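*Asks:* Structure file model-v4.cif (mmCIF, C-alpha atoms and all ligand atoms) is given on the next line.
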data_start
#
loop_
_atom_site.label_atom_id
_atom_site.label_comp_id
_atom_site.auth_asym_id
_atom_site.auth_seq_id
_atom_site.Cartn_x
_atom_site.Cartn_y
_atom_site.Cartn_z
CA MET G 186 43.97 33.81 112.04
CA ILE G 187 42.86 36.93 113.91
CA ILE G 188 44.22 40.11 112.35
CA PRO G 189 43.84 43.46 114.14
CA SER G 190 43.41 46.50 111.88
CA MET G 191 45.60 49.43 112.89
CA LEU G 192 42.96 51.85 111.63
CA SER G 193 41.21 51.44 114.99
CA ALA G 194 44.37 51.85 117.09
CA ASP G 195 44.99 55.00 119.14
CA PHE G 196 46.86 57.20 116.65
CA ARG G 197 48.70 59.01 119.46
CA LYS G 198 50.66 55.81 120.15
CA THR G 199 50.42 53.39 117.26
CA GLY G 200 53.78 51.78 118.08
CA ASP G 201 52.62 50.83 121.58
CA GLU G 202 49.32 49.63 120.19
CA LEU G 203 51.09 47.37 117.71
CA VAL G 204 53.24 45.83 120.45
CA ARG G 205 50.17 45.36 122.64
CA VAL G 206 48.17 43.43 120.01
CA ASP G 207 51.27 41.41 119.14
CA ASN G 208 51.68 40.42 122.82
CA ALA G 209 47.93 39.76 123.01
CA GLY G 210 48.16 36.94 120.47
CA ALA G 211 47.40 38.55 117.11
CA ASP G 212 48.35 36.38 114.11
CA ALA G 213 49.08 39.25 111.71
CA ILE G 214 48.60 43.02 111.41
CA HIS G 215 46.31 44.73 108.89
CA TRP G 216 47.28 48.17 107.53
CA ASP G 217 44.46 50.08 105.81
CA ILE G 218 46.00 52.44 103.28
CA MET G 219 43.51 55.09 102.13
CA ASP G 220 44.22 57.79 99.56
CA GLY G 221 41.34 60.27 99.89
CA SER G 222 40.15 59.27 96.43
CA PHE G 223 39.02 55.64 96.39
CA THR G 224 38.03 56.38 99.97
CA ASP G 225 37.21 59.81 101.41
CA SER G 226 39.74 59.58 104.22
CA ILE G 227 43.52 59.45 104.13
CA SER G 228 45.27 57.09 106.55
CA PHE G 229 48.82 55.73 106.53
CA GLY G 230 51.69 55.81 104.04
CA HIS G 231 54.59 53.43 103.45
CA LEU G 232 56.88 55.36 105.81
CA THR G 233 54.49 54.66 108.68
CA VAL G 234 54.49 50.97 107.87
CA ALA G 235 58.29 50.92 107.59
CA ARG G 236 58.81 52.46 111.06
CA HIS G 237 56.40 50.00 112.66
CA ARG G 238 58.13 47.10 110.94
CA GLU G 239 60.92 47.43 113.51
CA LEU G 240 58.50 46.69 116.35
CA SER G 241 56.99 43.34 115.40
CA ARG G 242 57.77 40.17 113.48
CA LEU G 243 54.11 39.46 112.73
CA ARG G 244 52.91 39.19 109.13
CA PHE G 245 52.07 42.67 107.81
CA ASP G 246 49.10 42.77 105.44
CA VAL G 247 48.83 46.00 103.46
CA HIS G 248 45.32 46.68 102.17
CA LEU G 249 45.62 49.26 99.40
CA MET G 250 42.32 51.14 99.29
CA THR G 251 43.71 53.49 96.66
CA GLU G 252 43.34 54.36 93.03
CA ASN G 253 46.25 53.15 90.89
CA PRO G 254 47.55 50.74 93.52
CA GLU G 255 50.34 49.63 91.19
CA LYS G 256 52.04 52.98 91.93
CA TYR G 257 52.51 52.06 95.60
CA ILE G 258 53.42 48.38 95.49
CA GLU G 259 57.18 48.78 95.41
CA ASN G 260 57.28 51.25 98.31
CA PHE G 261 55.15 49.02 100.52
CA ALA G 262 57.18 45.97 99.58
CA ARG G 263 60.31 47.83 100.67
CA ALA G 264 58.56 49.03 103.82
CA GLY G 265 58.25 45.40 104.92
CA ALA G 266 54.77 44.31 103.85
CA ASP G 267 54.39 40.53 103.64
CA VAL G 268 51.06 40.52 101.84
CA ILE G 269 49.94 43.30 99.48
CA ILE G 270 46.23 43.43 98.74
CA VAL G 271 44.80 45.43 95.82
CA HIS G 272 41.17 46.07 94.96
CA ALA G 273 39.75 44.39 91.87
CA GLU G 274 37.79 47.61 91.24
CA THR G 275 40.92 49.78 90.92
CA CYS G 276 43.19 47.50 88.89
CA ARG G 277 42.89 47.79 85.15
CA HIS G 278 45.30 44.88 84.75
CA LEU G 279 44.60 42.89 87.87
CA HIS G 280 46.42 39.71 86.83
CA ARG G 281 49.52 41.68 85.90
CA THR G 282 49.50 43.66 89.15
CA LEU G 283 49.24 40.47 91.20
CA GLY G 284 52.21 39.11 89.23
CA ASP G 285 54.18 42.28 89.98
CA ILE G 286 53.53 41.85 93.70
CA LYS G 287 54.75 38.25 93.52
CA SER G 288 57.88 39.21 91.66
CA LEU G 289 58.74 41.53 94.55
CA GLY G 290 58.73 38.40 96.73
CA LYS G 291 55.43 39.20 98.46
CA LYS G 292 52.11 37.42 98.73
CA ALA G 293 49.41 38.89 96.50
CA GLY G 294 45.82 39.53 97.57
CA VAL G 295 42.66 40.66 95.77
CA ALA G 296 40.05 42.68 97.69
CA LEU G 297 36.41 42.74 96.63
CA ASN G 298 33.97 45.52 97.48
CA PRO G 299 30.57 44.32 98.72
CA ALA G 300 28.98 44.95 95.30
CA THR G 301 31.70 43.11 93.35
CA SER G 302 31.06 39.61 92.07
CA PRO G 303 33.39 36.83 93.26
CA ASN G 304 33.71 35.79 89.60
CA VAL G 305 36.46 38.36 88.99
CA VAL G 306 38.77 36.12 91.00
CA HIS G 307 38.20 33.03 88.82
CA TYR G 308 40.96 33.78 86.38
CA CYS G 309 43.39 35.11 88.97
CA ALA G 310 43.28 31.97 91.08
CA ASP G 311 46.49 30.82 89.39
CA ILE G 312 48.40 33.71 90.90
CA ALA G 313 46.54 35.07 93.96
CA ASP G 314 47.49 33.96 97.47
CA LEU G 315 44.60 35.63 99.29
CA VAL G 316 41.13 37.02 98.62
CA LEU G 317 39.86 39.75 100.94
CA VAL G 318 36.07 39.83 101.17
CA MET G 319 35.00 43.31 102.24
CA THR G 320 32.02 42.89 104.53
CA VAL G 321 31.61 46.69 104.80
CA ASN G 322 32.13 49.39 102.19
CA PRO G 323 35.73 50.65 102.30
CA GLY G 324 36.49 53.86 104.15
CA SER G 325 36.17 53.53 107.91
CA SER G 326 36.10 51.18 110.83
CA GLY G 327 33.14 50.62 113.11
CA GLN G 328 30.56 49.96 110.37
CA ASN G 329 27.93 47.22 110.48
CA PHE G 330 28.64 43.85 108.87
CA ILE G 331 26.82 43.39 105.53
CA LYS G 332 25.14 40.02 105.82
CA SER G 333 24.71 39.43 102.07
CA GLN G 334 28.48 38.89 101.87
CA LEU G 335 28.20 35.52 103.61
CA ASP G 336 27.09 33.89 100.36
CA LYS G 337 30.13 35.39 98.63
CA ILE G 338 32.40 33.67 101.15
CA SER G 339 30.67 30.33 100.42
CA ASP G 340 30.92 30.89 96.65
CA LEU G 341 34.62 31.67 96.84
CA ARG G 342 35.32 28.67 99.08
CA ASN G 343 33.55 26.45 96.55
CA PHE G 344 35.68 27.35 93.60
CA LEU G 345 39.00 28.50 95.04
CA PRO G 346 41.78 26.01 95.72
CA SER G 347 42.13 25.45 99.45
CA GLN G 348 45.60 27.02 99.62
CA ILE G 349 44.14 30.45 98.73
CA GLU G 350 43.38 32.24 101.99
CA ILE G 351 39.92 33.77 102.30
CA CYS G 352 40.08 36.76 104.63
CA VAL G 353 37.08 38.83 105.77
CA ASP G 354 37.33 42.52 106.58
CA GLY G 355 34.74 44.81 108.15
CA GLY G 356 32.30 44.53 111.04
CA ILE G 357 33.95 41.43 112.48
CA THR G 358 32.84 40.95 116.10
CA ASP G 359 32.03 38.10 118.46
CA LEU G 360 28.63 37.95 116.75
CA THR G 361 29.72 37.85 113.10
CA VAL G 362 33.04 36.00 113.11
CA GLY G 363 31.58 32.52 113.64
CA GLU G 364 29.32 32.47 110.62
CA CYS G 365 32.17 33.73 108.43
CA ALA G 366 34.31 30.84 109.67
CA GLU G 367 31.48 28.41 109.02
CA ARG G 368 31.20 29.64 105.44
CA GLY G 369 34.88 28.91 104.88
CA ALA G 370 36.84 32.06 105.76
CA ASP G 371 40.36 31.41 107.08
CA SER G 372 41.30 34.77 108.55
CA PHE G 373 39.47 37.66 110.17
CA VAL G 374 40.40 41.33 110.20
CA SER G 375 39.00 43.16 113.19
CA GLY G 376 39.43 46.83 114.07
CA SER G 377 36.98 48.37 116.50
CA TYR G 378 35.98 45.13 118.22
CA ILE G 379 39.55 44.49 119.38
CA PHE G 380 40.73 48.05 120.02
CA LYS G 381 37.64 49.20 121.90
CA ASN G 382 38.13 46.34 124.35
CA GLN G 383 40.26 47.21 127.41
CA ASN G 384 41.91 43.81 127.20
CA TYR G 385 43.13 42.97 123.67
CA ALA G 386 44.03 39.39 124.61
CA ASP G 387 40.46 38.76 125.81
CA ALA G 388 39.00 40.19 122.60
CA ILE G 389 41.29 38.09 120.39
CA LYS G 390 40.56 34.97 122.45
CA GLU G 391 36.83 35.61 122.22
CA LEU G 392 36.97 35.93 118.42
CA ARG G 393 38.96 32.70 118.20
CA GLN G 394 36.51 30.92 120.46
CA LYS G 395 33.49 32.16 118.47
CA CYS G 396 35.06 30.82 115.26
CA LYS G 397 34.59 27.37 116.77
CA ASN G 398 31.19 28.07 118.35
CA PRO G 399 29.31 30.44 116.06
CA VAL G 400 26.31 32.38 117.32
CA ASN G 401 23.26 33.29 115.22
CA PHE G 402 22.95 36.96 114.39
C1 LIG N 501 37.41 49.33 106.19
C2 LIG N 501 38.76 48.71 106.48
C3 LIG N 501 38.74 47.74 107.61
C4 LIG N 501 38.40 48.36 108.94
C5 LIG N 501 37.81 47.28 109.81
O1 LIG N 501 37.55 50.29 105.19
O2 LIG N 501 39.22 48.03 105.33
O3 LIG N 501 39.97 47.05 107.69
O4 LIG N 501 39.50 48.91 109.60
O5 LIG N 501 37.32 47.87 110.99
P1 LIG N 501 36.10 47.23 111.79
O6 LIG N 501 36.54 45.88 112.26
O7 LIG N 501 35.87 48.19 112.92
O8 LIG N 501 34.93 47.16 110.86
ZN ZN N 502 41.04 46.70 105.51
#
Would it be possible to restate this file's structure as structure tokens?
Ligand code: DX5
Ligand code: ZN

*Replies:*
Amino acid sequence: MIIPSMLSADFRKTGDELVRVDNAGADAIHWDIMDGSFTDSISFGHLTVARHRELSRLRFDVHLMTENPEKYIENFARAGADVIIVHAETCRHLHRTLGDIKSLGKKAGVALNPATSPNVVHYCADIADLVLVMTVNPGSSGQNFIKSQLDKISDLRNFLPSQIEICVDGGITDLTVGECAERGADSFVSGSYIFKNQNYADAIKELRQKCKNPVNF
């Protein structure tokens, strides 16, 4: 699955951008929610997600890069999120929060910062639907892929049941996507690589193609 991140879209016309990536063959849409505390920047809120929900039937993944993510879960569920992803680093009661997401009828995801061990997911594997491996530090798009995270993808794939989706987020390009796929990732969030391309369909196709034919980087 190739998942464009709206953080790299043109903010003057995010609705058009969403429709364009949808028509270009995106498999889902990634919304980076930043609160100015866990991350320095502030991005979108649930009202933004709700208005865009009317424009596309694609899966909406909401990546909560916020402190106290449990405060926001209900609003984003109502806004039309399909998957709600919280950071292991910000959840005091991670297992409970994942359960709360599920009881709202949504899929539950755990995001891991680059410095966080994959072991934190071990005892949430009974309830998590997705693990998001951050391959950059949270906060902005256009950063370089952190290569040490490849081993984390392999580790997770080794111990997680196959139905748990492993998604990678940060620095995904035609150069990096293939090795992530080889290590066992199922889905790939990409911001700047897709949106800086004039032709979104070409960029998405290229990422898909490189998943099958990885290049060394
Ligand atoms: C980083 C965000 C990513 C980001 C990816 O804080 O979680 O989703 O938008 O952007 P690229 O693909 O440009 O690294
Ligand atoms: Zn993200």

*Asks:* For Val316 in chain G, work out the shell of residues within 6 Å, counting all atoms listed in the file and skipping chain neighbours fewer than 6 positions away, then give it as an MDAnalysis selection string.

*Replies:* chainID G and resid 294:296 351

*Asks:* Could you work out how far CA of Leu392 in chain G lies from CA of Val362 in chain G, giving the answer in Å with one decimal?

*Replies:*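 Atom-to-atom, CA of Val362 in chain G to CA of Leu392 in chain G, that is 6.6 Å.
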
*Asks:* So, counting only C-alpha atoms and all ligand atoms, which residue among G:Phe196, G:Phe229, G:Trp216, G:Phe344 is closest to ligand LIG 501 (chain N)?

*Replies:*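 The shortest atom-to-atom distance to ligand LIG 501 (chain N) comes from G:Trp216.
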
*Asks:* Dump the neighbourhood of ligand LIG 501 (chain N) as a ChimeraX atom specification: all residues within 10 Å, distances computed on all atoms listed in the file.

*Replies:* /G:188-194,215-219,224,226,247-250,296,298,317-330,353-358,373-381

*Asks:* Give me the residues within 6 Å of Asp314 in chain G as an mmCIF file with C-alpha atoms, in the coordinates of the input, counting all atoms listed in the file and dropping any in the same chain fewer than 5 places off.

*Replies:*
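Writing done, so here's selection.cif:
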data_model
loop_
_atom_site.group_PDB
_atom_site.id
_atom_site.type_symbol
_atom_site.label_atom_id
_atom_site.label_comp_id
_atom_site.auth_asym_id
_atom_site.auth_seq_id
_atom_site.Cartn_x
_atom_site.Cartn_y
_atom_site.Cartn_z
ATOM 1 C CA LYS G 292 52.110 37.420 98.730
ATOM 2 C CA ALA G 293 49.410 38.890 96.500
ATOM 3 C CA GLY G 294 45.820 39.530 97.570
ATOM 4 C CA ILE G 349 44.140 30.450 98.730
#

*Asks:* What does the structure give for the distance between CA of Arg393 in chain G and CA of Gly363 in chain G, in Å to one decimal?

*Replies:* 8.7 Å

*Asks:* What is the distance, in Å and to one decimal place, between CA of Ala266 in chain G and CA of Lys397 in chain G?

*Replies:* 29.3 Å

*Asks:* Report as a PDB file with C-alpha atoms, keeping the file's coordinate frame all protein, DNA and RNA residues lying within 9 Å of Ala262 in chain G, evaluated on all atoms listed in the file, omitting residues in the same chain fewer than 2 positions from it.

*Replies:*
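Result file follows (result_30.pdb):
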ATOM      1  CA  HIS G 231      54.590  53.430 103.450  1.00  0.00           C
ATOM      2  CA  TYR G 257      52.510  52.060  95.600  1.00  0.00           C
ATOM      3  CA  ILE G 258      53.420  48.380  95.490  1.00  0.00           C
ATOM      4  CA  GLU G 259      57.180  48.780  95.410  1.00  0.00           C
ATOM      5  CA  ASN G 260      57.280  51.250  98.310  1.00  0.00           C
ATOM      6  CA  ALA G 264      58.560  49.030 103.820  1.00  0.00           C
ATOM      7  CA  GLY G 265      58.250  45.400 104.920  1.00  0.00           C
ATOM      8  CA  ALA G 266      54.770  44.310 103.850  1.00  0.00           C
ATOM      9  CA  ASP G 267      54.390  40.530 103.640  1.00  0.00           C
ATOM     10  CA  VAL G 268      51.060  40.520 101.840  1.00  0.00           C
ATOM     11  CA  ILE G 269      49.940  43.300  99.480  1.00  0.00           C
ATOM     12  CA  ILE G 286      53.530  41.850  93.700  1.00  0.00           C
ATOM     13  CA  LEU G 289      58.740  41.530  94.550  1.00  0.00           C
ATOM     14  CA  GLY G 290      58.730  38.400  96.730  1.00  0.00           C
ATOM     15  CA  LYS G 291      55.430  39.200  98.460  1.00  0.00           C
TER      16      LYS G 291
END

*Asks:* Neighbours of range 307-309 of chain G within 8 Å (only C-alpha atoms; same-chain residues fewer than 2 positions away dropped), as number ranges by chain?

*Replies:* G: 279-280, 303-305, 311-313, 344-345

*Asks:* Just write the chosen residues, C-alpha atoms, as a PDB file, in the coordinates of the input.

*Replies:*
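Heads up, here's the output in again_27.pdb:
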ATOM      1  CA  LEU G 279      44.600  42.890  87.870  1.00  0.00           C
ATOM      2  CA  HIS G 280      46.420  39.710  86.830  1.00  0.00           C
ATOM      3  CA  PRO G 303      33.390  36.830  93.260  1.00  0.00           C
ATOM      4  CA  ASN G 304      33.710  35.790  89.600  1.00  0.00           C
ATOM      5  CA  VAL G 305      36.460  38.360  88.990  1.00  0.00           C
ATOM      6  CA  ASP G 311      46.490  30.820  89.390  1.00  0.00           C
ATOM      7  CA  ILE G 312      48.400  33.710  90.900  1.00  0.00           C
ATOM      8  CA  ALA G 313      46.540  35.070  93.960  1.00  0.00           C
ATOM      9  CA  PHE G 344      35.680  27.350  93.600  1.00  0.00           C
ATOM     10  CA  LEU G 345      39.000  28.500  95.040  1.00  0.00           C
TER      11      LEU G 345
END

*Asks:* Would you fill out range 256-267 of chain G with all heavy atoms and return it as a compact mmCIF listing (two decimals), keeping the file's coordinate frame?

*Replies:*
# COMPACT_ATOMS: atom_id res chain seq x y z
N LYS G 256 51.06 51.93 91.62
CA LYS G 256 52.04 52.98 91.93
C LYS G 256 52.74 52.78 93.28
O LYS G 256 53.82 53.28 93.53
CB LYS G 256 51.33 54.35 92.02
CG LYS G 256 51.17 55.02 90.72
CD LYS G 256 50.84 56.52 90.76
CE LYS G 256 50.34 57.18 92.02
NZ LYS G 256 49.60 58.44 91.74
N TYR G 257 52.05 52.10 94.20
CA TYR G 257 52.51 52.06 95.60
C TYR G 257 53.17 50.73 95.99
O TYR G 257 53.76 50.62 97.06
CB TYR G 257 51.34 52.31 96.54
CG TYR G 257 50.59 53.58 96.22
CD1 TYR G 257 49.31 53.54 95.69
CD2 TYR G 257 51.18 54.83 96.42
CE1 TYR G 257 48.61 54.71 95.38
CE2 TYR G 257 50.50 56.01 96.12
CZ TYR G 257 49.21 55.93 95.60
OH TYR G 257 48.55 57.08 95.29
N ILE G 258 53.02 49.74 95.12
CA ILE G 258 53.42 48.38 95.49
C ILE G 258 54.89 48.28 95.91
O ILE G 258 55.21 47.68 96.94
CB ILE G 258 53.12 47.45 94.30
CG1 ILE G 258 51.62 47.19 94.23
CG2 ILE G 258 53.87 46.16 94.39
CD1 ILE G 258 51.21 46.60 92.90
N GLU G 259 55.75 48.92 95.13
CA GLU G 259 57.18 48.78 95.41
C GLU G 259 57.54 49.41 96.76
O GLU G 259 58.29 48.82 97.54
CB GLU G 259 57.98 49.43 94.29
CG GLU G 259 59.24 48.66 94.01
CD GLU G 259 59.99 49.20 92.81
OE1 GLU G 259 59.34 49.36 91.74
OE2 GLU G 259 61.19 49.47 92.95
N ASN G 260 56.99 50.59 97.04
CA ASN G 260 57.28 51.25 98.31
C ASN G 260 56.81 50.42 99.51
O ASN G 260 57.52 50.32 100.51
CB ASN G 260 56.61 52.63 98.37
CG ASN G 260 57.45 53.69 97.68
OD1 ASN G 260 58.65 53.50 97.49
ND2 ASN G 260 56.83 54.79 97.31
N PHE G 261 55.63 49.83 99.39
CA PHE G 261 55.15 49.02 100.52
C PHE G 261 55.91 47.71 100.63
O PHE G 261 56.12 47.21 101.74
CB PHE G 261 53.63 48.81 100.43
CG PHE G 261 52.86 50.00 100.92
CD1 PHE G 261 52.29 50.90 100.03
CD2 PHE G 261 52.73 50.26 102.28
CE1 PHE G 261 51.60 52.02 100.49
CE2 PHE G 261 52.05 51.38 102.76
CZ PHE G 261 51.48 52.25 101.85
N ALA G 262 56.35 47.19 99.52
CA ALA G 262 57.18 45.97 99.58
C ALA G 262 58.47 46.30 100.32
O ALA G 262 58.89 45.57 101.22
CB ALA G 262 57.47 45.47 98.17
N ARG G 263 59.07 47.42 99.99
CA ARG G 263 60.31 47.83 100.67
C ARG G 263 60.08 48.18 102.13
O ARG G 263 60.97 48.02 102.97
CB ARG G 263 60.95 49.01 99.93
CG ARG G 263 62.21 48.56 99.21
CD ARG G 263 63.03 49.71 98.67
NE ARG G 263 62.72 49.89 97.26
CZ ARG G 263 62.34 51.02 96.68
NH1 ARG G 263 62.23 52.13 97.40
NH2 ARG G 263 62.09 51.07 95.40
N ALA G 264 58.88 48.65 102.43
CA ALA G 264 58.56 49.03 103.82
C ALA G 264 58.39 47.81 104.72
O ALA G 264 58.29 47.94 105.93
CB ALA G 264 57.27 49.86 103.84
N GLY G 265 58.32 46.61 104.10
CA GLY G 265 58.25 45.40 104.92
C GLY G 265 56.90 44.71 104.92
O GLY G 265 56.65 43.85 105.78
N ALA G 266 56.04 45.04 103.97
CA ALA G 266 54.77 44.31 103.85
C ALA G 266 55.07 42.85 103.49
O ALA G 266 56.04 42.57 102.78
CB ALA G 266 53.92 44.92 102.76
N ASP G 267 54.27 41.94 104.02
CA ASP G 267 54.39 40.53 103.64
C ASP G 267 53.33 40.14 102.62
O ASP G 267 53.55 39.29 101.77
CB ASP G 267 54.26 39.64 104.88
CG ASP G 267 55.35 39.96 105.90
OD1 ASP G 267 56.53 39.71 105.58
OD2 ASP G 267 55.03 40.49 106.97
